[in-house]
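Participant: Questions regarding the structure given below will be posed in turn.
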Amino acid sequence: MTQKQQMENHWGLSGKRIVVLGGSSGIGLAVAQQAVAQGATAIIASSNADRVKQAVATLDGKAEGHALDLSNERDIQNFFQKIGDFDHLVFTAGDTLQLNELAATDLTKARHAFELRYWAALAAVKYASPHIRKDGSIVLTTGVAGRRPHKGWTVVASICGTIEALTRALAVELAPIRVNAVSPGVVRTNLWNNMQEQDREAMYESVGKQLLVGRVGEAREIARAYLFLMEEGYSTGQTIVVDGGALLT
């Protein structure tokens with residue numbers, strides 16, 4: 001085997017085990033599908049058992065699925081003890097976005113948003129990291145709202161900024177495990193399902209026209225950033241922005 005082949009085998013995804021929390025739909029499912037296409041085995045976990053089953057069916061028999069309550073720390077701990085060692089952790093879990101002006105913000109719902117997007121991510125990393133193999137990595141998910149918030153995005157922007165800071169801190173604490181994050185812009189996923197379809201499509205069109213690429217993103221495109229961060233072995237503590245140019249407009 002040539003040195004080039006050895007490096008490709010070392011850093012590629014073929015034969016790797018990849019855990020995707022939130023992998024039953026949207027960006028997480030796209031990550032799992034593309035990883036499996038490169039020869040990896042995907043382990044996807046989400047709260048909706050039916051959706052997990054449907055997602056596994058799209059993965060050519062190279063995946064296993066688990067129903068997992070990410071708001072329950074003990075369940076997360078038991079999950080990682082059960083699945084054993086693996087190579088990469090991807091966290092894409094999230095519920096519908098809480099977009100309201102501060103005066104109309106339901107703080108109970110805001111706390112729940114932090115529970116899933118921050119505390120669950122922290123618990124997942126805590127219990128996953130002892131099982132991550134040499135040269136493995138963790139990829140978290142944030143969003144451009146943290147860098148360029150709009151009116152009514154206070155909670156969402158706060159979460160995104162927190163995840164970016166968490167990514168940098170974990171990269172230091174868990175080294176040599178690499179820890180990075182992906183920051184998508186507006187993407188067609190079920191995160192926007194709290195909107196009526198007509199309103200959602202109008203929003204996609206309106207936002208897309210303002211972007212340099214002229215449209216909103218697709219889950220399969222954003223997934224490529226996660227694969228890049230898993231495959232290459234030199235980035236850590238970084239946030240990759242995939243936003244169609246939103247931060248430049």
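Following the order of the structure tokens, chains are lettered A, B, ..., residues in each are numbered from 1, and ligands are numbered from 1.
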So that I can see what lies close to Val179 in chain A, please list as JSON, numbers by chain the residues with an atom at most 12 Å from it, counting only C-alpha atoms and leaving out residues fewer than 2 positions away in the same chain.
Facilitator: {"A": [88, 89, 90, 91, 125, 129, 132, 135, 136, 137, 138, 139, 140, 141, 163, 164, 165, 166, 167, 168, 169, 170, 171, 172, 173, 174, 175, 176, 177, 181, 182, 226, 229, 230, 233, 234, 235, 236, 237, 238, 239, 240]}
Participant: Excluding same-chain residues fewer than 2 positions from range 28-32 of chain A, what lies within 6 Å of it counting only C-alpha atoms, as a compact mmCIF listing (two decimals) with all heavy atoms, in the first residue's frame?
Facilitator:
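The resulting file, part16.txt, is shown below:
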```txt
# COMPACT_ATOMS: atom_id res chain seq x y z
N GLY A 22 -29.83 13.07 16.20
CA GLY A 22 -30.68 13.90 15.36
C GLY A 22 -30.61 13.45 13.92
O GLY A 22 -30.90 14.21 13.01
N GLY A 23 -30.25 12.19 13.71
CA GLY A 23 -29.99 11.69 12.37
C GLY A 23 -31.18 11.11 11.63
O GLY A 23 -30.99 10.47 10.59
N SER A 24 -32.38 11.34 12.13
CA SER A 24 -33.53 10.73 11.47
C SER A 24 -34.16 11.62 10.40
O SER A 24 -35.08 11.19 9.70
CB SER A 24 -34.61 10.36 12.51
OG SER A 24 -35.10 11.53 13.15
N SER A 25 -33.67 12.84 10.27
CA SER A 25 -34.23 13.74 9.26
C SER A 25 -33.25 14.88 9.01
O SER A 25 -32.25 15.03 9.70
CB SER A 25 -35.59 14.31 9.71
OG SER A 25 -35.42 15.11 10.87
N GLY A 26 -33.56 15.68 8.01
CA GLY A 26 -32.82 16.91 7.74
C GLY A 26 -31.33 16.72 7.52
O GLY A 26 -30.89 15.76 6.88
N GLN A 34 -24.62 10.24 3.36
CA GLN A 34 -23.38 10.47 2.63
C GLN A 34 -22.22 9.70 3.26
O GLN A 34 -21.33 9.23 2.55
CB GLN A 34 -23.09 11.97 2.58
CG GLN A 34 -24.08 12.73 1.71
CD GLN A 34 -23.82 14.21 1.64
OE1 GLN A 34 -22.71 14.68 1.88
NE2 GLN A 34 -24.84 14.98 1.31
N ALA A 35 -22.22 9.55 4.57
CA ALA A 35 -21.18 8.76 5.23
C ALA A 35 -21.29 7.29 4.83
O ALA A 35 -20.28 6.63 4.53
CB ALA A 35 -21.28 8.90 6.74
N ALA A 42 -23.45 3.90 9.96
CA ALA A 42 -24.07 4.99 10.71
C ALA A 42 -24.91 4.44 11.85
O ALA A 42 -25.61 3.44 11.70
CB ALA A 42 -24.94 5.84 9.78
N THR A 92 -26.77 16.95 15.52
CA THR A 92 -27.61 17.87 14.73
C THR A 92 -29.00 18.01 15.31
O THR A 92 -29.88 18.60 14.67
CB THR A 92 -27.73 17.38 13.27
OG1 THR A 92 -28.38 16.10 13.26
CG2 THR A 92 -26.37 17.28 12.59
N ARG A 220 -28.48 18.26 1.92
CA ARG A 220 -27.37 17.49 1.35
C ARG A 220 -26.12 18.35 1.15
O ARG A 220 -24.99 17.84 1.23
CB ARG A 220 -27.79 16.85 0.02
CG ARG A 220 -28.09 17.83 -1.08
CD ARG A 220 -28.51 17.14 -2.37
NE ARG A 220 -28.74 18.09 -3.44
CZ ARG A 220 -29.88 18.76 -3.63
NH1 ARG A 220 -30.90 18.55 -2.80
NH2 ARG A 220 -30.00 19.62 -4.62
N ALA A 223 -24.48 18.95 4.62
CA ALA A 223 -23.89 17.71 5.11
C ALA A 223 -22.44 17.55 4.68
O ALA A 223 -21.64 16.95 5.40
CB ALA A 223 -24.71 16.50 4.63
```
Participant: Just list the residues in range 9-234 of chain A DSSP gives strand (DSSP E or B) on the backbone, as an MDAnalysis selection string.
Facilitator: chainID A and resid 17:21 41:46 63:67 86:91 132:141 178:184 187:188 217:218
Participant: Point out the residue among A:Arg224, A:Ile27, A:Ala37, A:Arg147 with the least atom-to-atom distance to Arg188 in chain A, counting only C-alpha atoms.
Facilitator: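 So, comparing all the options, the nearest one is A:Ile27.
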Participant: For Leu211 in chain A, list every protein, DNA or RNA residue within 10 Å, evaluated using only C-alpha atoms, and leave out those in the same chain fewer than 3 positions away; present the list as number ranges by chain.
Facilitator: A: 185-186, 206-208, 214-216, 243-249
Participant: Where in range 1-248 of chain A does DSSP assign helix (DSSP H, G or I), given as a ChimeraX atom specification?
Facilitator: /A:3-11,26-37,49-57,73-83,102-104,107-131,144-146,154-174,190-192,197-210,219-231,246-248
Participant: Would you save the residues of that selection, restricted to C-alpha atoms, as a short mmCIF file (atom, residue, chain, number, x, y, z; two decimals), in the first residue's frame?
Facilitator:
```
data_model
loop_
_atom_site.label_atom_id
_atom_site.label_comp_id
_atom_site.auth_asym_id
_atom_site.auth_seq_id
_atom_site.Cartn_x
_atom_site.Cartn_y
_atom_site.Cartn_z
CA GLN A 3 1.75 6.26 1.49
CA LYS A 4 -1.12 8.07 -0.24
CA GLN A 5 -3.37 5.02 0.11
CA GLN A 6 -2.42 4.71 3.77
CA MET A 7 -3.37 8.34 4.39
CA GLU A 8 -6.68 7.95 2.54
CA ASN A 9 -7.51 4.87 4.59
CA HIS A 10 -6.43 6.64 7.79
CA TRP A 11 -8.55 9.76 7.29
CA GLY A 26 -32.82 16.91 7.74
CA ILE A 27 -29.10 17.61 7.89
CA GLY A 28 -28.40 14.69 10.26
CA LEU A 29 -29.96 12.16 7.91
CA ALA A 30 -28.09 13.68 4.97
CA VAL A 31 -24.83 13.29 6.91
CA ALA A 32 -25.62 9.63 7.65
CA GLN A 33 -26.55 8.93 4.02
CA GLN A 34 -23.38 10.47 2.63
CA ALA A 35 -21.18 8.76 5.23
CA VAL A 36 -22.72 5.38 4.39
CA ALA A 37 -22.15 6.08 0.68
CA ALA A 49 -38.95 5.90 16.87
CA ASP A 50 -41.03 5.79 13.67
CA ARG A 51 -38.89 8.40 11.99
CA VAL A 52 -35.73 6.55 13.06
CA LYS A 53 -37.06 3.36 11.48
CA GLN A 54 -37.87 5.18 8.24
CA ALA A 55 -34.43 6.79 8.17
CA VAL A 56 -32.61 3.48 8.68
CA ALA A 57 -34.53 2.07 5.71
CA GLU A 73 -28.97 12.52 30.76
CA ARG A 74 -29.16 8.94 32.02
CA ASP A 75 -30.59 7.75 28.70
CA ILE A 76 -27.70 9.43 26.87
CA GLN A 77 -25.19 7.78 29.21
CA ASN A 78 -26.75 4.35 28.73
CA PHE A 79 -26.88 4.80 24.96
CA PHE A 80 -23.14 5.37 24.65
CA GLN A 81 -22.32 2.54 27.04
CA LYS A 82 -24.44 0.22 24.90
CA ILE A 83 -23.07 1.09 21.45
CA LEU A 102 -38.36 39.39 23.63
CA ALA A 103 -41.66 40.71 25.02
CA ALA A 104 -43.50 37.76 23.47
CA LEU A 107 -39.19 31.57 28.72
CA THR A 108 -40.27 27.99 29.43
CA LYS A 109 -39.96 27.20 25.72
CA ALA A 110 -36.68 29.11 25.61
CA ARG A 111 -35.28 26.95 28.40
CA HIS A 112 -36.42 23.84 26.54
CA ALA A 113 -34.59 25.05 23.43
CA PHE A 114 -31.38 25.33 25.47
CA GLU A 115 -32.07 21.89 27.01
CA LEU A 116 -32.00 20.21 23.62
CA ARG A 117 -29.51 22.30 21.69
CA TYR A 118 -26.96 22.98 24.44
CA TRP A 119 -27.37 20.73 27.48
CA ALA A 120 -28.09 17.63 25.41
CA ALA A 121 -25.06 18.36 23.23
CA LEU A 122 -22.88 18.77 26.32
CA ALA A 123 -24.18 15.53 27.83
CA ALA A 124 -23.63 13.70 24.54
CA VAL A 125 -20.02 14.85 24.37
CA LYS A 126 -19.43 13.99 28.03
CA TYR A 127 -20.58 10.40 27.67
CA ALA A 128 -19.42 9.85 24.08
CA SER A 129 -15.83 11.07 24.36
CA PRO A 130 -14.47 8.06 26.32
CA HIS A 131 -15.69 5.83 23.46
CA VAL A 144 -25.42 32.07 11.60
CA ALA A 145 -27.94 33.69 13.95
CA GLY A 146 -25.19 33.85 16.56
CA THR A 154 -32.70 36.55 20.79
CA VAL A 155 -33.04 32.95 21.98
CA VAL A 156 -31.77 31.36 18.78
CA ALA A 157 -28.79 33.72 18.58
CA SER A 158 -27.93 33.03 22.23
CA ILE A 159 -27.88 29.29 21.65
CA CYS A 160 -25.75 29.60 18.52
CA GLY A 161 -23.19 31.79 20.27
CA THR A 162 -23.06 29.37 23.18
CA ILE A 163 -22.37 26.39 20.90
CA GLU A 164 -19.51 28.22 19.18
CA ALA A 165 -17.92 28.95 22.55
CA LEU A 166 -18.52 25.37 23.67
CA THR A 167 -16.81 24.08 20.52
CA ARG A 168 -13.64 26.03 21.24
CA ALA A 169 -13.59 25.02 24.92
CA LEU A 170 -14.13 21.33 24.17
CA ALA A 171 -11.38 21.34 21.54
CA VAL A 172 -8.95 22.41 24.25
CA GLU A 173 -10.24 20.07 26.94
CA LEU A 174 -10.67 16.92 24.84
CA ASN A 190 -38.22 20.31 9.26
CA LEU A 191 -36.96 22.98 11.68
CA TRP A 192 -39.32 25.34 9.91
CA GLU A 197 -46.42 25.72 4.14
CA GLN A 198 -47.35 28.84 2.18
CA ASP A 199 -45.57 31.09 4.67
CA ARG A 200 -42.57 28.77 4.78
CA GLU A 201 -42.15 28.75 1.00
CA ALA A 202 -42.55 32.53 0.91
CA MET A 203 -39.83 32.82 3.55
CA TYR A 204 -37.50 30.54 1.57
CA GLU A 205 -38.04 32.64 -1.54
CA SER A 206 -37.62 35.96 0.27
CA VAL A 207 -34.46 34.90 2.11
CA GLY A 208 -33.03 33.22 -0.98
CA LYS A 209 -33.30 36.40 -3.04
CA GLN A 210 -31.17 38.21 -0.47
CA ALA A 219 -29.59 19.53 3.68
CA ARG A 220 -27.37 17.49 1.35
CA GLU A 221 -25.17 20.54 0.72
CA ILE A 222 -24.69 21.36 4.39
CA ALA A 223 -23.89 17.71 5.11
CA ARG A 224 -20.71 17.97 3.05
CA ALA A 225 -19.24 20.32 5.66
CA TYR A 226 -19.71 17.69 8.38
CA LEU A 227 -18.02 15.05 6.24
CA PHE A 228 -15.11 17.39 5.56
CA LEU A 229 -14.56 17.99 9.27
CA MET A 230 -14.67 14.27 9.98
CA GLU A 231 -12.35 13.29 7.13
CA ALA A 246 -25.62 35.58 4.39
CA LEU A 247 -22.85 37.07 6.50
CA LEU A 248 -21.67 39.13 3.53
#
```
Participant: Taking only C-alpha atoms into account, name the residue in A:Glu101, A:Glu232, A:Asp95, A:Asp87 that is nearest to Leu70 in chain A.
Facilitator: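 Ranked by minimum distance to Leu70 in chain A, first place goes to A:Asp95.
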